[in-house]
$ cat query-v3.txt   # compact mmCIF, C-alpha atoms
# COMPACT_ATOMS: atom_id res chain seq x y z
CA MET A 835 0.00 0.00 0.00
CA SER A 836 1.41 3.39 -0.94
CA PRO A 837 1.88 6.03 1.79
CA GLU A 838 -0.56 8.26 -0.12
CA ASP A 839 -3.30 5.60 -0.09
CA TYR A 840 -2.65 4.90 3.60
CA ASN A 841 -2.95 8.59 4.45
CA PHE A 842 -6.10 8.98 2.39
CA ILE A 843 -7.89 6.09 4.11
CA THR A 844 -6.75 6.99 7.63
CA ASN A 845 -7.91 10.58 7.08
CA PHE A 846 -11.21 9.34 5.68
CA LEU A 847 -11.75 7.16 8.77
CA LEU A 848 -10.78 9.97 11.12
CA ASP A 849 -13.23 12.37 9.46
CA THR A 850 -16.14 9.95 9.21
CA THR A 851 -15.87 7.79 12.33
CA GLY A 852 -13.33 9.46 14.61
CA LEU A 853 -11.20 6.33 14.39
CA SER A 854 -7.58 7.41 14.88
CA LEU A 855 -5.33 4.71 13.46
CA GLY A 856 -2.04 6.62 13.65
CA GLU A 857 1.02 5.31 11.86
CA ASN A 858 2.14 1.80 10.91
CA LYS A 859 -1.28 0.17 10.83
CA GLU A 860 -0.98 -0.86 7.19
CA TYR A 861 -1.40 -4.53 8.20
CA LEU A 862 -4.75 -3.74 9.83
CA LEU A 863 -6.07 -1.83 6.83
CA GLU A 864 -4.92 -4.55 4.45
CA ALA A 865 -6.38 -7.37 6.54
CA ARG A 866 -9.80 -5.75 6.63
CA LEU A 867 -10.01 -3.85 3.35
CA ILE A 868 -8.44 -6.19 0.78
CA PRO A 869 -11.27 -8.74 1.22
CA LEU A 870 -13.75 -5.86 0.85
CA ALA A 871 -12.02 -4.63 -2.33
CA GLN A 872 -12.04 -8.15 -3.76
CA ALA A 873 -15.72 -8.56 -2.95
CA HIS A 874 -16.34 -5.48 -5.12
CA GLY A 875 -14.28 -6.94 -7.97
CA MET A 876 -11.37 -4.59 -7.37
CA ASN A 877 -7.70 -5.52 -7.44
CA GLY A 878 -6.75 -4.01 -4.10
CA ILE A 879 -6.63 -0.98 -1.88
CA GLN A 880 -5.46 1.31 -4.68
CA ASP A 881 -8.73 0.68 -6.54
CA LEU A 882 -10.66 1.16 -3.32
CA VAL A 883 -9.08 4.58 -2.82
CA LEU A 884 -9.83 5.57 -6.42
CA SER A 885 -13.45 4.58 -5.93
CA LEU A 886 -13.64 6.49 -2.64
CA LYS A 887 -12.20 9.61 -4.28
CA SER A 888 -14.74 9.40 -7.10
CA LYS A 889 -17.57 9.51 -4.52
CA MET A 890 -19.63 7.45 -6.95
CA ASP A 891 -20.65 4.82 -4.42
CA PRO A 892 -21.80 6.09 -1.01
CA SER A 893 -22.45 2.52 0.16
CA LEU A 894 -18.74 1.77 -0.27
CA GLU A 895 -17.90 4.51 2.24
CA LYS A 896 -20.23 2.86 4.74
CA GLU A 897 -18.79 -0.58 4.10
CA ILE A 898 -15.24 0.69 4.70
CA MET A 899 -16.30 2.39 7.93
CA GLU A 900 -17.98 -0.79 9.11
CA ALA A 901 -15.08 -3.04 8.10
CA MET A 902 -12.74 -0.98 10.25
CA THR A 903 -15.01 -0.92 13.28
CA THR A 904 -14.03 -3.35 16.01
CA ASN A 905 -17.01 -5.37 17.15
CA GLU A 906 -15.47 -7.56 19.78
CA SER A 907 -17.63 -7.92 22.86
CA SER A 908 -18.82 -10.45 25.40
CA PHE A 909 -21.61 -10.89 27.90
CA PHE A 910 -20.97 -9.11 31.25
CA ARG A 911 -17.66 -7.90 29.84
CA ASP A 912 -15.05 -7.33 32.59
CA ARG A 913 -17.67 -8.46 35.15
CA ARG A 914 -16.77 -5.90 37.86
CA PRO A 915 -18.67 -2.93 36.35
CA PHE A 916 -21.79 -5.10 36.31
CA ASP A 917 -21.19 -6.16 39.93
CA GLU A 918 -20.87 -2.51 40.93
CA LEU A 919 -23.90 -1.57 38.87
CA LYS A 920 -25.87 -4.18 40.80
CA ALA A 921 -24.51 -3.39 44.25
CA THR A 922 -24.19 0.41 44.16
CA ILE A 923 -25.39 2.27 41.10
CA LEU A 924 -28.77 0.73 40.40
CA PRO A 925 -30.10 0.65 43.99
CA GLU A 926 -29.42 4.39 44.28
CA ILE A 927 -30.97 5.26 40.94
CA ILE A 928 -33.99 3.03 41.58
CA ALA A 929 -34.56 4.72 44.94
CA GLU A 930 -34.46 8.12 43.25
CA ARG A 931 -36.76 7.11 40.41
CA LYS A 932 -39.38 5.30 42.47
CA MET A 933 -41.93 8.07 41.86
CA THR A 934 -41.53 8.24 38.08
CA ARG A 935 -40.84 4.49 37.77
CA LYS A 936 -38.82 5.11 34.65
CA LEU A 937 -35.24 4.13 33.83
CA ARG A 938 -33.40 5.09 30.66
CA ILE A 939 -30.08 3.49 29.76
CA TRP A 940 -27.93 4.15 26.69
CA CYS A 941 -25.45 1.62 25.30
CA SER A 942 -23.61 3.95 22.96
CA ALA A 943 -21.52 1.34 21.11
CA CYS A 944 -23.52 -1.81 21.57
CA SER A 945 -21.78 -3.89 18.89
CA HIS A 946 -23.45 -7.31 18.65
CA GLY A 947 -25.75 -6.62 21.59
CA GLN A 948 -24.10 -8.50 24.44
CA GLU A 949 -24.00 -5.36 26.58
CA PRO A 950 -27.70 -4.38 26.45
CA TYR A 951 -28.77 -8.01 26.83
CA SER A 952 -26.43 -8.35 29.84
CA ILE A 953 -28.00 -5.26 31.41
CA MET A 954 -31.48 -6.64 30.80
CA MET A 955 -30.55 -9.99 32.40
CA LEU A 956 -28.98 -8.19 35.36
CA LEU A 957 -32.17 -6.16 35.88
CA ARG A 958 -34.44 -9.21 35.57
CA GLU A 959 -32.35 -11.33 37.93
CA ASN A 960 -31.73 -8.79 40.66
CA PHE A 961 -34.41 -6.14 40.58
CA PRO A 962 -37.84 -7.79 40.26
CA GLU A 963 -39.39 -4.58 41.57
CA LEU A 964 -38.68 -3.08 38.13
CA ASN A 965 -41.01 -5.48 36.35
CA ASP A 966 -43.75 -2.86 36.03
CA TRP A 967 -41.39 0.07 35.42
CA ASN A 968 -40.85 1.75 32.09
CA ILE A 969 -37.35 0.47 31.25
CA GLN A 970 -35.76 1.73 28.06
CA ILE A 971 -32.37 0.60 26.83
CA ILE A 972 -31.35 2.59 23.76
CA SER A 973 -28.64 0.63 21.97
CA THR A 974 -26.70 2.38 19.26
CA ASP A 975 -23.78 1.50 17.04
CA LEU A 976 -22.00 2.83 13.99
CA CYS A 977 -22.09 -0.56 12.28
CA SER A 978 -25.41 -1.53 10.69
CA LYS A 979 -24.39 -5.19 10.34
CA ALA A 980 -23.52 -5.39 14.03
CA LEU A 981 -26.88 -3.83 14.91
CA GLU A 982 -28.66 -6.33 12.70
CA ARG A 983 -26.95 -9.21 14.54
CA ALA A 984 -27.72 -7.60 17.87
CA ARG A 985 -31.38 -7.30 16.99
CA GLU A 986 -31.51 -10.96 15.91
CA GLY A 987 -29.82 -11.97 19.17
CA VAL A 988 -28.23 -15.14 17.82
CA TYR A 989 -24.84 -16.10 19.22
CA SER A 990 -22.32 -18.84 18.58
CA GLN A 991 -21.38 -21.53 21.07
CA PHE A 992 -18.15 -19.64 21.79
CA GLU A 993 -19.93 -16.34 22.36
CA VAL A 994 -22.43 -17.71 24.88
CA GLN A 995 -19.60 -19.18 26.91
CA ARG A 996 -17.73 -15.87 27.36
CA GLY A 997 -18.88 -14.21 30.58
CA LEU A 998 -22.35 -15.76 30.59
CA PRO A 999 -23.16 -18.08 33.52
CA VAL A 1000 -24.80 -21.28 32.34
CA GLN A 1001 -27.86 -20.60 34.52
CA LEU A 1002 -28.54 -17.47 32.48
CA LEU A 1003 -27.99 -19.38 29.24
CA MET A 1004 -30.61 -21.90 30.34
CA LYS A 1005 -33.06 -19.20 31.37
CA TYR A 1006 -32.80 -16.59 28.63
CA PHE A 1007 -31.67 -18.47 25.49
CA GLU A 1008 -33.05 -21.16 23.27
CA GLN A 1009 -31.03 -23.39 21.01
CA CYS A 1010 -31.40 -22.80 17.28
CA GLU A 1011 -29.78 -24.01 14.10
CA GLN A 1012 -27.21 -21.19 14.10
CA GLY A 1013 -26.38 -21.46 17.80
CA TRP A 1014 -28.18 -19.85 20.70
CA LYS A 1015 -30.93 -17.26 20.39
CA ILE A 1016 -32.00 -14.75 23.02
CA LYS A 1017 -35.62 -15.32 24.02
CA PRO A 1018 -37.79 -12.56 22.53
CA GLU A 1019 -39.05 -11.31 25.90
CA LEU A 1020 -35.52 -10.24 26.88
CA GLY A 1021 -35.43 -7.88 23.90
CA THR A 1022 -38.56 -6.06 25.04
CA GLY A 1023 -37.54 -2.58 26.05
CA ILE A 1024 -34.37 -2.54 23.94
CA GLN A 1025 -34.38 -0.13 21.00
CA TRP A 1026 -31.70 -0.50 18.32
CA LYS A 1027 -30.57 2.61 16.44
CA HIS A 1028 -27.78 3.42 14.01
CA LEU A 1029 -25.65 6.25 15.39
CA ASN A 1030 -22.26 7.79 14.72
CA LEU A 1031 -20.96 9.33 17.95
CA LEU A 1032 -19.40 12.13 15.91
CA GLU A 1033 -22.87 13.30 15.05
CA ASP A 1034 -25.47 15.06 17.17
CA PHE A 1035 -27.18 12.67 19.59
CA ARG A 1036 -29.37 15.07 21.56
CA HIS A 1037 -32.45 13.55 19.93
CA LEU A 1038 -31.91 10.41 22.03
CA GLY A 1039 -33.04 12.30 25.12
CA MET A 1040 -31.84 12.14 28.71
CA PHE A 1041 -30.43 9.06 30.44
CA ASP A 1042 -29.87 7.69 33.92
CA ILE A 1043 -26.96 5.48 32.85
CA VAL A 1044 -24.71 5.69 29.79
CA PHE A 1045 -22.40 2.88 28.75
CA CYS A 1046 -19.58 4.13 26.53
CA ARG A 1047 -17.15 1.29 26.96
CA ASN A 1048 -14.14 0.47 24.81
CA VAL A 1049 -14.97 2.92 22.06
CA LEU A 1050 -13.24 6.18 23.01
CA ILE A 1051 -9.85 4.43 23.06
CA TYR A 1052 -9.86 4.65 19.27
CA PHE A 1053 -10.36 8.43 19.25
CA LYS A 1054 -7.99 11.38 19.53
CA PRO A 1055 -8.04 13.31 22.86
CA GLU A 1056 -9.92 16.34 21.52
CA LEU A 1057 -12.61 14.10 20.07
CA LYS A 1058 -12.84 12.10 23.31
CA LYS A 1059 -13.37 15.36 25.16
CA ASP A 1060 -16.07 16.51 22.75
CA ILE A 1061 -17.98 13.21 23.01
CA LEU A 1062 -17.64 12.98 26.80
CA ASN A 1063 -18.84 16.56 27.19
CA ARG A 1064 -21.82 15.99 24.91
CA ILE A 1065 -22.70 12.78 26.80
CA SER A 1066 -22.64 14.77 30.05
CA SER A 1067 -25.42 16.95 28.60
CA GLN A 1068 -27.57 13.83 28.10
CA LEU A 1069 -27.15 12.60 31.69
CA ASN A 1070 -29.73 13.31 34.35
CA SER A 1071 -28.28 15.15 37.35
CA SER A 1072 -27.62 11.92 39.24
CA GLY A 1073 -26.76 9.99 36.10
CA THR A 1074 -23.86 7.61 35.70
CA LEU A 1075 -21.31 7.05 32.95
CA LEU A 1076 -19.48 3.75 32.51
CA LEU A 1077 -16.28 3.62 30.48
CA GLY A 1078 -14.12 0.64 29.52
CA ALA A 1079 -11.58 -0.85 31.93
CA ALA A 1080 -8.66 0.92 30.22
CA GLU A 1081 -10.44 4.26 29.82
CA THR A 1082 -10.69 7.36 31.99
CA VAL A 1083 -12.01 10.94 31.93
CA LEU A 1084 -8.93 12.07 33.85
CA GLY A 1085 -7.19 14.85 31.96
CA ILE A 1086 -9.82 14.76 29.21
CA SER A 1087 -13.08 16.12 30.57
CA ASP A 1088 -13.82 18.00 33.79
CA LYS A 1089 -17.54 17.28 33.56
CA TYR A 1090 -17.28 14.10 35.64
CA SER A 1091 -16.16 12.81 39.02
CA LYS A 1092 -15.27 9.23 39.89
CA GLN A 1093 -18.18 7.36 41.47
CA TYR A 1094 -17.45 6.96 45.16
CA GLY A 1095 -16.88 3.38 46.26
CA CYS A 1096 -16.51 1.93 42.76
CA GLN A 1097 -13.29 0.50 41.42
CA SER A 1098 -14.42 0.35 37.80
CA ALA A 1099 -14.37 3.31 35.41
CA ILE A 1100 -17.72 4.62 36.67
CA TYR A 1101 -18.38 8.35 36.81
CA GLN A 1102 -21.03 10.82 37.89
CA LEU A 1103 -21.45 14.40 36.83
CA ALA A 1104 -19.02 16.69 38.65
CA GLY A 1105 -20.59 18.43 41.60
CA ASN A 1106 -22.89 15.57 42.48
CA ALA A 1107 -22.82 14.97 46.24
CA GLU A 1108 -22.40 11.19 45.81
CA ALA A 1109 -19.28 11.50 43.75
CA ALA A 1110 -15.73 11.69 45.02
CA PRO A 1111 -13.25 14.14 43.48
CA ILE A 1112 -10.70 12.59 41.16
CA ALA A 1113 -7.28 12.45 42.80
CA ARG A 1114 -4.76 14.39 40.77
CA MET B 828 -2.65 -23.44 45.78
CA LYS B 829 -6.02 -24.83 44.70
CA THR B 830 -6.31 -28.32 43.26
CA ILE B 831 -8.38 -29.31 40.23
CA LEU B 832 -9.08 -32.83 38.98
CA LEU B 833 -9.20 -33.27 35.20
CA VAL B 834 -11.41 -36.18 34.22
CA ASP B 835 -11.32 -37.11 30.55
CA ASP B 836 -10.60 -40.33 28.68
CA SER B 837 -8.76 -38.38 25.99
CA ARG B 838 -5.07 -38.01 26.80
CA ALA B 839 -4.90 -35.08 24.37
CA VAL B 840 -7.62 -33.19 26.25
CA ARG B 841 -5.91 -33.89 29.58
CA LEU B 842 -2.63 -32.59 28.18
CA VAL B 843 -4.24 -29.36 26.95
CA GLY B 844 -6.18 -29.05 30.21
CA ARG B 845 -3.04 -29.54 32.29
CA ARG B 846 -1.22 -26.84 30.34
CA ILE B 847 -4.13 -24.38 30.74
CA MET B 848 -4.58 -25.11 34.46
CA GLY B 849 -0.84 -24.63 34.94
CA THR B 850 -1.10 -21.10 33.54
CA PHE B 851 -3.88 -20.43 36.06
CA GLY B 852 -1.61 -21.56 38.92
CA LEU B 853 -3.70 -24.60 39.82
CA ASN B 854 -2.39 -27.93 41.09
CA VAL B 855 -3.62 -30.59 38.65
CA LEU B 856 -4.73 -34.19 39.23
CA GLU B 857 -5.91 -36.47 36.43
CA ALA B 858 -8.28 -39.38 35.94
CA GLU B 859 -9.27 -41.32 32.79
CA ASP B 860 -12.80 -42.25 33.78
CA GLY B 861 -15.41 -41.72 36.46
CA LYS B 862 -14.36 -44.68 38.60
CA GLN B 863 -10.75 -43.55 38.74
CA ALA B 864 -11.95 -40.00 39.41
CA LEU B 865 -13.98 -41.14 42.43
CA GLU B 866 -10.89 -42.82 43.87
CA VAL B 867 -8.82 -39.66 43.35
CA ALA B 868 -11.58 -37.51 44.87
CA ARG B 869 -11.81 -39.78 47.94
CA ALA B 870 -8.02 -39.67 48.38
CA ASN B 871 -8.10 -35.86 48.20
CA PRO B 872 -10.74 -34.52 50.59
CA GLU B 873 -9.54 -30.95 50.05
CA LEU B 874 -10.13 -31.12 46.30
CA ASP B 875 -11.35 -27.71 45.08
CA ALA B 876 -12.70 -28.40 41.61
CA VAL B 877 -13.36 -31.02 38.95
CA LEU B 878 -13.34 -30.45 35.17
CA LEU B 879 -15.49 -33.31 34.03
CA ASP B 880 -16.04 -34.99 30.67
CA TRP B 881 -19.38 -36.75 30.14
CA ASN B 882 -18.78 -39.69 27.79
CA MET B 883 -16.15 -42.02 29.21
CA PRO B 884 -15.73 -45.81 29.53
CA ILE B 885 -16.29 -47.75 32.77
CA MET B 886 -18.09 -44.89 34.55
CA ASP B 887 -19.31 -41.79 32.70
CA GLY B 888 -19.27 -38.23 33.96
CA MET B 889 -22.92 -38.16 34.98
CA GLU B 890 -22.59 -41.32 37.10
CA PHE B 891 -19.47 -39.86 38.71
CA LEU B 892 -21.22 -36.56 39.43
CA LYS B 893 -24.20 -38.23 41.09
CA ALA B 894 -21.93 -40.51 43.14
CA LEU B 895 -19.75 -37.58 44.22
CA ARG B 896 -22.71 -35.45 45.28
CA ALA B 897 -24.18 -38.40 47.20
CA GLU B 898 -21.02 -38.79 49.27
CA THR B 899 -20.61 -37.23 52.67
CA ARG B 900 -17.54 -35.06 52.34
CA GLU B 901 -16.21 -32.19 54.38
CA LYS B 902 -15.86 -30.26 51.18
CA GLN B 903 -17.83 -30.72 47.96
CA PRO B 904 -15.71 -29.56 45.02
CA ILE B 905 -16.97 -27.24 42.29
CA VAL B 906 -17.80 -29.37 39.24
CA VAL B 907 -17.54 -27.89 35.76
CA MET B 908 -18.79 -30.17 33.00
CA CYS B 909 -16.58 -30.09 29.90
CA THR B 910 -18.20 -32.10 27.15
CA THR B 911 -19.36 -32.42 23.56
CA GLU B 912 -22.91 -32.98 24.87
CA ASN B 913 -23.93 -29.50 23.77
CA ASP B 914 -27.72 -29.55 23.74
CA MET B 915 -29.96 -27.79 26.23
CA PRO B 916 -31.51 -31.00 27.69
CA GLN B 917 -28.04 -32.30 28.58
CA ILE B 918 -27.07 -28.99 30.15
CA VAL B 919 -30.23 -29.00 32.24
CA GLN B 920 -29.65 -32.64 33.24
CA ALA B 921 -26.08 -31.94 34.39
CA MET B 922 -27.04 -28.84 36.34
CA GLN B 923 -29.87 -30.72 38.07
CA ALA B 924 -27.40 -33.47 38.97
CA GLY B 925 -25.21 -30.98 40.80
CA ALA B 926 -22.82 -29.45 38.26
CA ASN B 927 -21.87 -25.84 38.93
CA GLU B 928 -20.97 -24.76 35.41
CA TYR B 929 -20.87 -26.12 31.89
CA ILE B 930 -18.28 -25.90 29.13
CA MET B 931 -19.23 -27.00 25.63
CA LYS B 932 -16.33 -28.47 23.68
CA PRO B 933 -14.36 -27.34 21.80
CA PHE B 934 -13.21 -24.85 24.42
CA THR B 935 -10.66 -22.06 24.54
CA GLU B 936 -8.43 -20.97 27.40
CA ASP B 937 -10.57 -17.82 27.79
CA ILE B 938 -13.74 -19.86 28.19
CA VAL B 939 -12.16 -22.10 30.84
CA ARG B 940 -10.88 -19.03 32.69
CA ASP B 941 -14.32 -17.38 32.58
CA LYS B 942 -16.03 -20.48 33.93
CA LEU B 943 -13.50 -21.04 36.71
CA GLU B 944 -13.75 -17.37 37.70
CA GLU B 945 -17.53 -17.55 37.59
CA THR B 946 -17.50 -20.43 40.07
CA GLY B 947 -14.86 -18.89 42.34
CA VAL B 948 -12.17 -21.44 41.57
CA LEU B 949 -9.93 -18.63 40.26
$ encode --input "query-v3.txt" --output "structure tokens"
Amino acid sequence: MSPEDYNFITNFLLDTTGLSLGENKEYLLEARLIPLAQAHGMNGIQDLVLSLKSKMDPSLEKEIMEAMTTNESSFFRDRRPFDELKATILPEIIAERKMTRKLRIWCSACSHGQEPYSIMMLLRENFPELNDWNIQIISTDLCSKALERAREGVYSQFEVQRGLPVQLLMKYFEQCEQGWKIKPELGTGIQWKHLNLLEDFRHLGMFDIVFCRNVLIYFKPELKKDILNRISSQLNSSGTLLLGAAETVLGISDKYSKQYGCQSAIYQLAGNAEAAPIAR
Amino acid sequence: MKTILLVDDSRAVRLVGRRIMGTFGLNVLEAEDGKQALEVARANPELDAVLLDWNMPIMDGMEFLKALRAETREKQPIVVMCTTENDMPQIVQAMQAGANEYIMKPFTEDIVRDKLEETGVL
């Protein structure tokens, strides 16, 4: 791949998805984009770049964006954030919302759906008092194919064994020809929407909990700050933000404070009485 | 150091299992069938966990599991089934017989780690 083609594609990805590949990721581009080029009858990445520059095929832009999006996920990923959600975050929010009996959660990069389904299982298993509440889990992702899989809720034998206790497999899944399918009732209350985090998301409304895990790591600091700040505007005053295990708001956004008593990357809006100041 | 008993009639599976358990820092015992596994379990009252195949000669995994759970022991080990019996009725049957978790073969190191963490072995 020529340096010019590499620069063109990395700039295209940065502008359209926020994905910051940096230098020396030629192997990654080639691994993911050569099969895509071949599927379109092209000889390689050079042809792909020519086609992109011609702007003749908008669907090709989308396919490139989706091919470069990482969709790795697992049920109850990293476990501890879900334990802390159960033990600390949810009881407090439920106590606050007992008059309105409404809970809104946003999974901002839901990938193949393991995260929203995990949240739904956690709620069903541990908070039966929510059965007659209005629970909304808005699940968004940049990748339409990932969203389609998430909506179908069909997982391979390997996927249902990562992080998912067998008791929950028995209770919430049924075996099907392709593997294991989430029972339809677990999907009730989950809305699937295509969304690019670079774009305006105010139309999604306000949330009590926002999951934005393992997505900001691919973005440049200024973009992380912009997204974190815009998410803070969508959080209710006592709302909670969950980031990935290797992510932090420290040094990026001053809109948040670390959630007191939690070891995971869980944050509340700065100034909230329940939050502890971030040690600097 | 916790001790796990690998029960599988396939030497290849026991070899892979031993290597994986070694990376987890577990002490590993082995048995080729359910009967041998019962003897090892009786000789090791402090046994922490069993990774148990289903289909084996002499005594299969389900017979072993029922016999183990029927025994009066100071400590009942965690039992994780590890089998090619991958249909829901088998999973339900094993869990009702006293298994704590279930691994469907073929497995990966990550899956084994997840299941052993889930059951508190790791």
$ interface_residues --input "query-v3.txt" --of "chain A" --to "chain B" --cutoff "12 Å" --atoms "all atoms listed in the file" --output "number ranges by chain"
A: 908-914, 990-1011, 1013-1014
$ atom_distance --input "query-v3.txt" --atom1 "atom CA of A:Ile928" --atom2 "atom CA of A:Asn968"
11.8 Å
$ residues_around --input "query-v3.txt" --residues "B:Glu898" --least-positions-apart "4" --cutoff "12 Å" --atoms "only C-alpha atoms" --output "PyMOL selection string"
chain B and resi 865+868-869+872+891-894+902-904
$ residues_around --input "query-v3.txt" --residues "B:Val843" --least-positions-apart "2" --cutoff "12 Å" --atoms "only C-alpha atoms" --output "PyMOL selection string"
chain B and resi 833+835+837-841+845-850+855+857+933-936+939
$ residues_around --input "query-v3.txt" --residues "A:Thr1074" --least-positions-apart "5" --cutoff "8 Å" --atoms "all atoms listed in the file" --output "mmCIF file with C-alpha atoms, in the coordinates of the input"
data_model
loop_
_atom_site.group_PDB
_atom_site.id
_atom_site.type_symbol
_atom_site.label_atom_id
_atom_site.label_comp_id
_atom_site.auth_asym_id
_atom_site.auth_seq_id
_atom_site.Cartn_x
_atom_site.Cartn_y
_atom_site.Cartn_z
ATOM 1 C CA ILE A 923 -25.390 2.270 41.100
ATOM 2 C CA ASP A 1042 -29.870 7.690 33.920
ATOM 3 C CA ILE A 1043 -26.960 5.480 32.850
ATOM 4 C CA VAL A 1044 -24.710 5.690 29.790
ATOM 5 C CA LEU A 1069 -27.150 12.600 31.690
ATOM 6 C CA ILE A 1100 -17.720 4.620 36.670
ATOM 7 C CA TYR A 1101 -18.380 8.350 36.810
ATOM 8 C CA GLN A 1102 -21.030 10.820 37.890
ATOM 9 C CA LEU A 1103 -21.450 14.400 36.830
#
$ closest_residue --input "query-v3.txt" --among "A:Leu1020, A:Leu1062, A:Val1049, A:Met1040" --to "A:Arg958" --atoms "all atoms listed in the file"
A:Leu1020
$ residues_near_point --input "query-v3.txt" --point "(-11.5, -38.5, 45.8)" --cutoff "10 Å" --atoms "all atoms listed in the file" --output "number ranges by chain"
B: 832, 862-874, 895, 900, 904
$ axis_aligned_box --input "query-v3.txt" --around "stretch 839-850 of chain B" --padding-each-side "3 Å" --output "JSON"
{"center_x": -4.2, "center_y": -28.1, "center_z": 29.7, "size_x": 12.8, "size_y": 20.0, "size_z": 16.6}
$ residues_near_point --input "query-v3.txt" --point "(-28.6, 2.6, 16.9)" --cutoff "8 Å" --atoms "only C-alpha atoms" --output "list in words"
Ser942, Ile972, Ser973, Thr974, Asp975, Leu976, Leu981, Gln1025, Trp1026, Lys1027, His1028 and Leu1029 of chain A
$ closest_residue --input "query-v3.txt" --among "A:Trp967, A:Lys889, A:Ile843, A:Pro1018" --to "A:Met933" --atoms "all atoms listed in the file"
A:Trp967
$ atom_distance --input "query-v3.txt" --atom1 "atom CA of B:Gly861" --atom2 "atom CA of B:Leu943"
20.8 Å
$ atom_distance --input "query-v3.txt" --atom1 "atom CA of A:Val988" --atom2 "atom CA of A:Pro962"
25.5 Å
$ residues_around --input "query-v3.txt" --residues "stretch 845-861 of chain A" --least-positions-apart "6" --cutoff "9 Å" --atoms "all atoms listed in the file" --output "VMD selection string"
chain A and resid 835 895 898 to 899 902 to 903 976 1030 to 1032 1050 to 1054 1057
$ residues_around --input "query-v3.txt" --residues "A:Lys887" --least-positions-apart "4" --cutoff "12 Å" --atoms "only C-alpha atoms" --output "list of chain:residue names"
A:Asp839, A:Phe842, A:Ile843, A:Phe846, A:Gln880, A:Asp881, A:Leu882, A:Val883, A:Asp891, A:Pro892, A:Leu894, A:Glu895
$ closest_residue --input "query-v3.txt" --among "A:Thr1022, A:Tyr951, A:Gly1073, A:Cys944" --to "A:Asn965" --atoms "only C-alpha atoms"
A:Thr1022
